[in-house]
Amino acid sequence: MRRATAILGGLAALAGAGLVQAQEVGGPPPAAASQAMAAAVTDWRTVPAANLLVIDTNRGRILIEMAPEVAPGHVERIRLLARAGFFDGLTWHRVIDWFMAQTGDPLGNGEGQSPYPDLSAEFTFRRDASVPFTAVAAPAGALVGFLHSLPVQTQPDVAMSLTADGKVHGWGLYCPGVAGMARDEGNDTANSQFFLMRQAYPALDKRYTVWGTVVSGLDVVRALKSGAGDNGMVTADPDRMTRVRVAADLPEVGRPVVRVLDTESAAFRTLADQVRQSRGADFSVCDITLPVEVSQAQVPTGG
């Protein structure tokens with residue numbers, strides 16, 4: 001029996017008891033957001049089509065930037081299932097307001113999975129100086145920032161000289177829009193069910209594998225029909241994923257193209273500084289919302 005829903009349900013119950021709290025976060029000040037949108041062309045980064053997951057739902061489209069640097073095994077599983085059409089038509093079977101929306105179960109009751117073997121946990125990853133990480137805060141000897149569009153926490157760079165492989169640990173942070181893998185009671189039991197965060201939920205950090213983050217469509221995630229009761233199961237007329245594909249597998253013409261403010265750019269550093277000043281002592285990395293532009297690939301021109 002799959003217990004992925006039971007474990008997350010237990011956390012939700014704790015939240016209701018006031019023991020584990022979802023975190024409400026702010027966004028960038030309006031002036032900071034508008035300045036970031038006006039950033040130079042070189043301050044933007046195009047999400048590689050191989051790392052862009054396109055989830056079409058009856059509520060609208062969700063675009064996820066997958067993070068193979070953080071969870072290569074889980075990203076490859078998502079790609080495999082998307083290419084096989086496994087996710088098409090599956091329901092958002094468990095949706096809890098102020099928490100997350102879960103899907104990927106062919107049975108629609110929290111007990112189903114793909115025919116492939118369970119995955120080994122990737123709760124943390126190893127980072128060296130070549131990984132594109134930008135810090136925005138340094139709490140208690142750690143670094144908090146972004147790896148591309150994903151909020152992460154990591155050991156400081158100075159510790160790289162002290163490790164045998166020249167790398168340090170990092171892990172994804174469960175901010176709004178972050179994509180995580182559901183699992184059974186055992187750590188190495190994730191398979192095909194995944195969830196998207198509707199709000200920040202730091203109690204999940206380093207307990208469930210993070211494999212990406214929503215870069216467009218968080219409003220769709222938050223609009224998905226919520227379930228009743230503590231376990232959030234949607235028993236009547238749940239929303240569905242109509243089609244899920246990796247962008248690289250779609251026809252080039254009409255394929256979504258996503259540009260995100262580059263977290264290694266000067267424009268991003270200005271944005272991060274302004275958000276920190278605005279939030280003061282309440283600042284969280286989850287407060288930073290990256291500006292995004294979504295377009296469609298056009299017919300090539302020229303000779």
# chains A, B, ... in the order shown; residues from 1 in each chain; ligands from 1
call {"tool": "closest_atom_pairs", "arguments": {"of": "stretch 48-158 of chain A", "to": "stretch 267-286 of chain A", "cutoff": "7 Å", "atoms": "only C-alpha atoms", "output": "tab-separated table"}}
result
residue	atom	partner	partner_atom	distance
A:Val136	CA	A:Ala272	CA	6.7
A:Val144	CA	A:Val285	CA	7.0
A:Gly145	CA	A:Val285	CA	6.6
A:Pro151	CA	A:Val285	CA	6.8
call {"tool": "residues_around", "arguments": {"residues": "A:Pro176", "least_positions_apart": "6", "cutoff": "7 Å", "atoms": "only C-alpha atoms", "output": "VMD selection string"}}
result
chain A and resid 197 to 200
call {"tool": "closest_residue", "arguments": {"among": "A:Leu261, A:Val70, A:Ala228, A:Leu90", "to": "A:Leu147", "atoms": "only C-alpha atoms"}}
result
A:Val70
call {"tool": "residues_around", "arguments": {"residues": "stretch 152-154 of chain A", "least_positions_apart": "3", "cutoff": "9 Å", "atoms": "only C-alpha atoms", "output": "PyMOL selection string"}}
result
chain A and resi 127+133+135+142-147+157+168-174+285
call {"tool": "write_last_selection", "arguments": {"atoms": "C-alpha atoms", "output": "mmCIF file, in the first residue's frame"}}
result
data_model
loop_
_atom_site.group_PDB
_atom_site.id
_atom_site.type_symbol
_atom_site.label_atom_id
_atom_site.label_comp_id
_atom_site.auth_asym_id
_atom_site.auth_seq_id
_atom_site.Cartn_x
_atom_site.Cartn_y
_atom_site.Cartn_z
ATOM 1 C CA ARG A 127 27.805 21.305 -4.898
ATOM 2 C CA PHE A 133 24.577 29.242 -7.026
ATOM 3 C CA ALA A 135 23.622 33.515 -2.121
ATOM 4 C CA ALA A 142 25.094 28.509 6.014
ATOM 5 C CA LEU A 143 24.219 30.093 2.689
ATOM 6 C CA VAL A 144 20.702 30.568 1.348
ATOM 7 C CA GLY A 145 20.054 31.525 -2.244
ATOM 8 C CA PHE A 146 19.213 30.231 -5.703
ATOM 9 C CA LEU A 147 20.430 27.543 -8.050
ATOM 10 C CA ASP A 157 32.026 27.686 -0.285
ATOM 11 C CA VAL A 168 29.560 20.710 -0.013
ATOM 12 C CA HIS A 169 25.997 19.671 0.761
ATOM 13 C CA GLY A 170 22.966 21.590 -0.479
ATOM 14 C CA TRP A 171 19.223 21.006 -0.467
ATOM 15 C CA GLY A 172 16.118 22.499 -2.008
ATOM 16 C CA LEU A 173 13.820 24.629 0.137
ATOM 17 C CA TYR A 174 10.055 24.144 0.084
ATOM 18 C CA VAL A 285 14.416 33.422 0.499
#
call {"tool": "closest_atom_pairs", "arguments": {"of": "stretch 217-289 of chain A", "to": "stretch 108-111 of chain A", "cutoff": "10 Å", "atoms": "only C-alpha atoms", "output": "JSON lines"}}
result
{"residue": "A:Met233", "atom": "CA", "partner": "A:Asn109", "partner_atom": "CA", "distance": 7.7}
{"residue": "A:Val234", "atom": "CA", "partner": "A:Asn109", "partner_atom": "CA", "distance": 8.9}
{"residue": "A:Thr235", "atom": "CA", "partner": "A:Asn109", "partner_atom": "CA", "distance": 8.7}
{"residue": "A:Pro238", "atom": "CA", "partner": "A:Gly108", "partner_atom": "CA", "distance": 9.4}
call {"tool": "select_by_dssp", "arguments": {"residues": "stretch 28-180 of chain A", "states": "strand (DSSP E)", "output": "JSON, numbers by chain"}}
result
{"A": [44, 45, 46, 52, 53, 54, 55, 56, 57, 60, 61, 62, 63, 64, 65, 66, 94, 95, 96, 100, 101, 102, 103, 125, 126, 127, 133, 134, 135, 136, 137, 143, 144, 145, 146, 147, 150, 151, 152, 153, 154, 168, 169, 170, 171, 172, 178, 179, 180]}
call {"tool": "residues_around", "arguments": {"residues": "A:Ala84", "least_positions_apart": "3", "cutoff": "12 Å", "atoms": "only C-alpha atoms", "output": "list in words"}}
result
Arg77, Ile78, Arg79, Leu80, Leu81, Phe87, Asp88, Ser114, Pro115, Arg243, Val244, Arg245, Val246 and Asp249 of chain A
call {"tool": "closest_residue", "arguments": {"among": "A:Pro139, A:Gly89, A:Gly177, A:Pro68", "to": "A:Ile288", "atoms": "only C-alpha atoms"}}
result
A:Gly177
call {"tool": "select_by_dssp", "arguments": {"residues": "stretch 54-119 of chain A", "states": "alpha helix (DSSP H)", "output": "PDB file with all heavy atoms, in the first residue's frame"}}
result
ATOM      1  N   PRO A  72      19.063  14.287 -10.021  1.00  0.00           N
ATOM      2  CA  PRO A  72      19.140  13.736 -11.376  1.00  0.00           C
ATOM      3  C   PRO A  72      18.262  12.513 -11.587  1.00  0.00           C
ATOM      4  O   PRO A  72      17.647  12.363 -12.649  1.00  0.00           O
ATOM      5  CB  PRO A  72      20.629  13.395 -11.536  1.00  0.00           C
ATOM      6  CG  PRO A  72      21.171  13.315 -10.139  1.00  0.00           C
ATOM      7  CD  PRO A  72      20.380  14.313  -9.355  1.00  0.00           C
ATOM      8  N   GLY A  73      18.173  11.630 -10.593  1.00  0.00           N
ATOM      9  CA  GLY A  73      17.364  10.431 -10.745  1.00  0.00           C
ATOM     10  C   GLY A  73      15.885  10.739 -10.845  1.00  0.00           C
ATOM     11  O   GLY A  73      15.163  10.149 -11.664  1.00  0.00           O
ATOM     12  N   HIS A  74      15.428  11.669 -10.034  1.00  0.00           N
ATOM     13  CA  HIS A  74      14.019  12.018 -10.044  1.00  0.00           C
ATOM     14  C   HIS A  74      13.645  12.797 -11.303  1.00  0.00           C
ATOM     15  O   HIS A  74      12.558  12.586 -11.868  1.00  0.00           O
ATOM     16  CB  HIS A  74      13.665  12.823  -8.793  1.00  0.00           C
ATOM     17  CG  HIS A  74      13.640  12.001  -7.546  1.00  0.00           C
ATOM     18  ND1 HIS A  74      14.788  11.482  -6.981  1.00  0.00           N
ATOM     19  CD2 HIS A  74      12.609  11.583  -6.761  1.00  0.00           C
ATOM     20  CE1 HIS A  74      14.466  10.790  -5.901  1.00  0.00           C
ATOM     21  NE2 HIS A  74      13.154  10.835  -5.747  1.00  0.00           N
ATOM     22  N   VAL A  75      14.507  13.685 -11.754  1.00  0.00           N
ATOM     23  CA  VAL A  75      14.239  14.417 -12.991  1.00  0.00           C
ATOM     24  C   VAL A  75      14.158  13.453 -14.169  1.00  0.00           C
ATOM     25  O   VAL A  75      13.271  13.565 -15.020  1.00  0.00           O
ATOM     26  CB  VAL A  75      15.310  15.498 -13.230  1.00  0.00           C
ATOM     27  CG1 VAL A  75      15.210  16.063 -14.651  1.00  0.00           C
ATOM     28  CG2 VAL A  75      15.178  16.621 -12.214  1.00  0.00           C
ATOM     29  N   GLU A  76      15.062  12.486 -14.209  1.00  0.00           N
ATOM     30  CA  GLU A  76      15.021  11.523 -15.305  1.00  0.00           C
ATOM     31  C   GLU A  76      13.738  10.697 -15.262  1.00  0.00           C
ATOM     32  O   GLU A  76      13.164  10.383 -16.315  1.00  0.00           O
ATOM     33  CB  GLU A  76      16.246  10.604 -15.254  1.00  0.00           C
ATOM     34  CG  GLU A  76      16.383   9.696 -16.463  1.00  0.00           C
ATOM     35  CD  GLU A  76      16.348  10.451 -17.789  1.00  0.00           C
ATOM     36  OE1 GLU A  76      16.937  11.543 -17.882  1.00  0.00           O
ATOM     37  OE2 GLU A  76      15.723   9.948 -18.751  1.00  0.00           O
ATOM     38  N   ARG A  77      13.245  10.372 -14.074  1.00  0.00           N
ATOM     39  CA  ARG A  77      11.976   9.636 -13.964  1.00  0.00           C
ATOM     40  C   ARG A  77      10.808  10.484 -14.478  1.00  0.00           C
ATOM     41  O   ARG A  77       9.940   9.979 -15.199  1.00  0.00           O
ATOM     42  CB  ARG A  77      11.737   9.230 -12.513  1.00  0.00           C
ATOM     43  CG  ARG A  77      10.347   8.611 -12.215  1.00  0.00           C
ATOM     44  CD  ARG A  77      10.082   7.320 -13.007  1.00  0.00           C
ATOM     45  NE  ARG A  77      11.086   6.313 -12.782  1.00  0.00           N
ATOM     46  CZ  ARG A  77      11.076   5.440 -11.748  1.00  0.00           C
ATOM     47  NH1 ARG A  77      10.100   5.483 -10.858  1.00  0.00           N
ATOM     48  NH2 ARG A  77      12.033   4.545 -11.636  1.00  0.00           N
ATOM     49  N   ILE A  78      10.783  11.758 -14.103  1.00  0.00           N
ATOM     50  CA  ILE A  78       9.714  12.639 -14.581  1.00  0.00           C
ATOM     51  C   ILE A  78       9.754  12.737 -16.099  1.00  0.00           C
ATOM     52  O   ILE A  78       8.722  12.669 -16.781  1.00  0.00           O
ATOM     53  CB  ILE A  78       9.826  14.034 -13.942  1.00  0.00           C
ATOM     54  CG1 ILE A  78       9.591  13.966 -12.432  1.00  0.00           C
ATOM     55  CG2 ILE A  78       8.855  15.010 -14.598  1.00  0.00           C
ATOM     56  CD1 ILE A  78       8.195  13.586 -12.024  1.00  0.00           C
ATOM     57  N   ARG A  79      10.950  12.881 -16.668  1.00  0.00           N
ATOM     58  CA  ARG A  79      11.077  12.938 -18.124  1.00  0.00           C
ATOM     59  C   ARG A  79      10.564  11.641 -18.757  1.00  0.00           C
ATOM     60  O   ARG A  79       9.830  11.663 -19.751  1.00  0.00           O
ATOM     61  CB  ARG A  79      12.535  13.159 -18.525  1.00  0.00           C
ATOM     62  CG  ARG A  79      13.083  14.554 -18.275  1.00  0.00           C
ATOM     63  CD  ARG A  79      14.554  14.582 -18.618  1.00  0.00           C
ATOM     64  NE  ARG A  79      15.168  15.895 -18.460  1.00  0.00           N
ATOM     65  CZ  ARG A  79      16.438  16.078 -18.121  1.00  0.00           C
ATOM     66  NH1 ARG A  79      17.237  15.017 -17.929  1.00  0.00           N
ATOM     67  NH2 ARG A  79      16.925  17.294 -17.989  1.00  0.00           N
ATOM     68  N   LEU A  80      10.970  10.509 -18.201  1.00  0.00           N
ATOM     69  CA  LEU A  80      10.561   9.202 -18.731  1.00  0.00           C
ATOM     70  C   LEU A  80       9.039   9.066 -18.739  1.00  0.00           C
ATOM     71  O   LEU A  80       8.437   8.660 -19.750  1.00  0.00           O
ATOM     72  CB  LEU A  80      11.189   8.092 -17.884  1.00  0.00           C
ATOM     73  CG  LEU A  80      10.747   6.658 -18.185  1.00  0.00           C
ATOM     74  CD1 LEU A  80      11.233   6.236 -19.564  1.00  0.00           C
ATOM     75  CD2 LEU A  80      11.279   5.697 -17.118  1.00  0.00           C
ATOM     76  N   LEU A  81       8.404   9.398 -17.628  1.00  0.00           N
ATOM     77  CA  LEU A  81       6.955   9.247 -17.522  1.00  0.00           C
ATOM     78  C   LEU A  81       6.221  10.241 -18.421  1.00  0.00           C
ATOM     79  O   LEU A  81       5.196   9.905 -19.025  1.00  0.00           O
ATOM     80  CB  LEU A  81       6.526   9.411 -16.068  1.00  0.00           C
ATOM     81  CG  LEU A  81       7.047   8.342 -15.098  1.00  0.00           C
ATOM     82  CD1 LEU A  81       6.595   8.641 -13.673  1.00  0.00           C
ATOM     83  CD2 LEU A  81       6.590   6.949 -15.517  1.00  0.00           C
ATOM     84  N   ALA A  82       6.741  11.465 -18.519  1.00  0.00           N
ATOM     85  CA  ALA A  82       6.113  12.454 -19.389  1.00  0.00           C
ATOM     86  C   ALA A  82       6.188  12.015 -20.844  1.00  0.00           C
ATOM     87  O   ALA A  82       5.208  12.134 -21.597  1.00  0.00           O
ATOM     88  CB  ALA A  82       6.781  13.817 -19.199  1.00  0.00           C
ATOM     89  N   ARG A  83       7.340  11.500 -21.251  1.00  0.00           N
ATOM     90  CA  ARG A  83       7.508  11.068 -22.636  1.00  0.00           C
ATOM     91  C   ARG A  83       6.628   9.871 -22.963  1.00  0.00           C
ATOM     92  O   ARG A  83       6.237   9.673 -24.116  1.00  0.00           O
ATOM     93  CB  ARG A  83       8.980  10.763 -22.898  1.00  0.00           C
ATOM     94  CG  ARG A  83       9.816  12.021 -23.006  1.00  0.00           C
ATOM     95  CD  ARG A  83      11.303  11.782 -22.949  1.00  0.00           C
ATOM     96  NE  ARG A  83      12.022  13.044 -23.164  1.00  0.00           N
ATOM     97  CZ  ARG A  83      13.266  13.270 -22.770  1.00  0.00           C
ATOM     98  NH1 ARG A  83      13.954  12.319 -22.125  1.00  0.00           N
ATOM     99  NH2 ARG A  83      13.829  14.443 -22.997  1.00  0.00           N
TER     100      ARG A  83
END
call {"tool": "closest_residue", "arguments": {"among": "A:Thr213, A:Thr242, A:Asn231, A:Ser295", "to": "A:Val258", "atoms": "only C-alpha atoms"}}
result
A:Ser295
call {"tool": "closest_residue", "arguments": {"among": "A:Ala297, A:Val131, A:Leu107, A:Ile62", "to": "A:Phe86", "atoms": "only C-alpha atoms"}}
result
A:Leu107
call {"tool": "closest_residue", "arguments": {"among": "A:Arg207, A:His148, A:Arg240, A:Lys225", "to": "A:Thr57", "atoms": "only C-alpha atoms"}}
result
A:Arg240
call {"tool": "closest_residue", "arguments": {"among": "A:Ser149, A:Ser120, A:Ser130, A:Gln193", "to": "A:Gly166", "atoms": "only C-alpha atoms"}}
result
A:Ser130
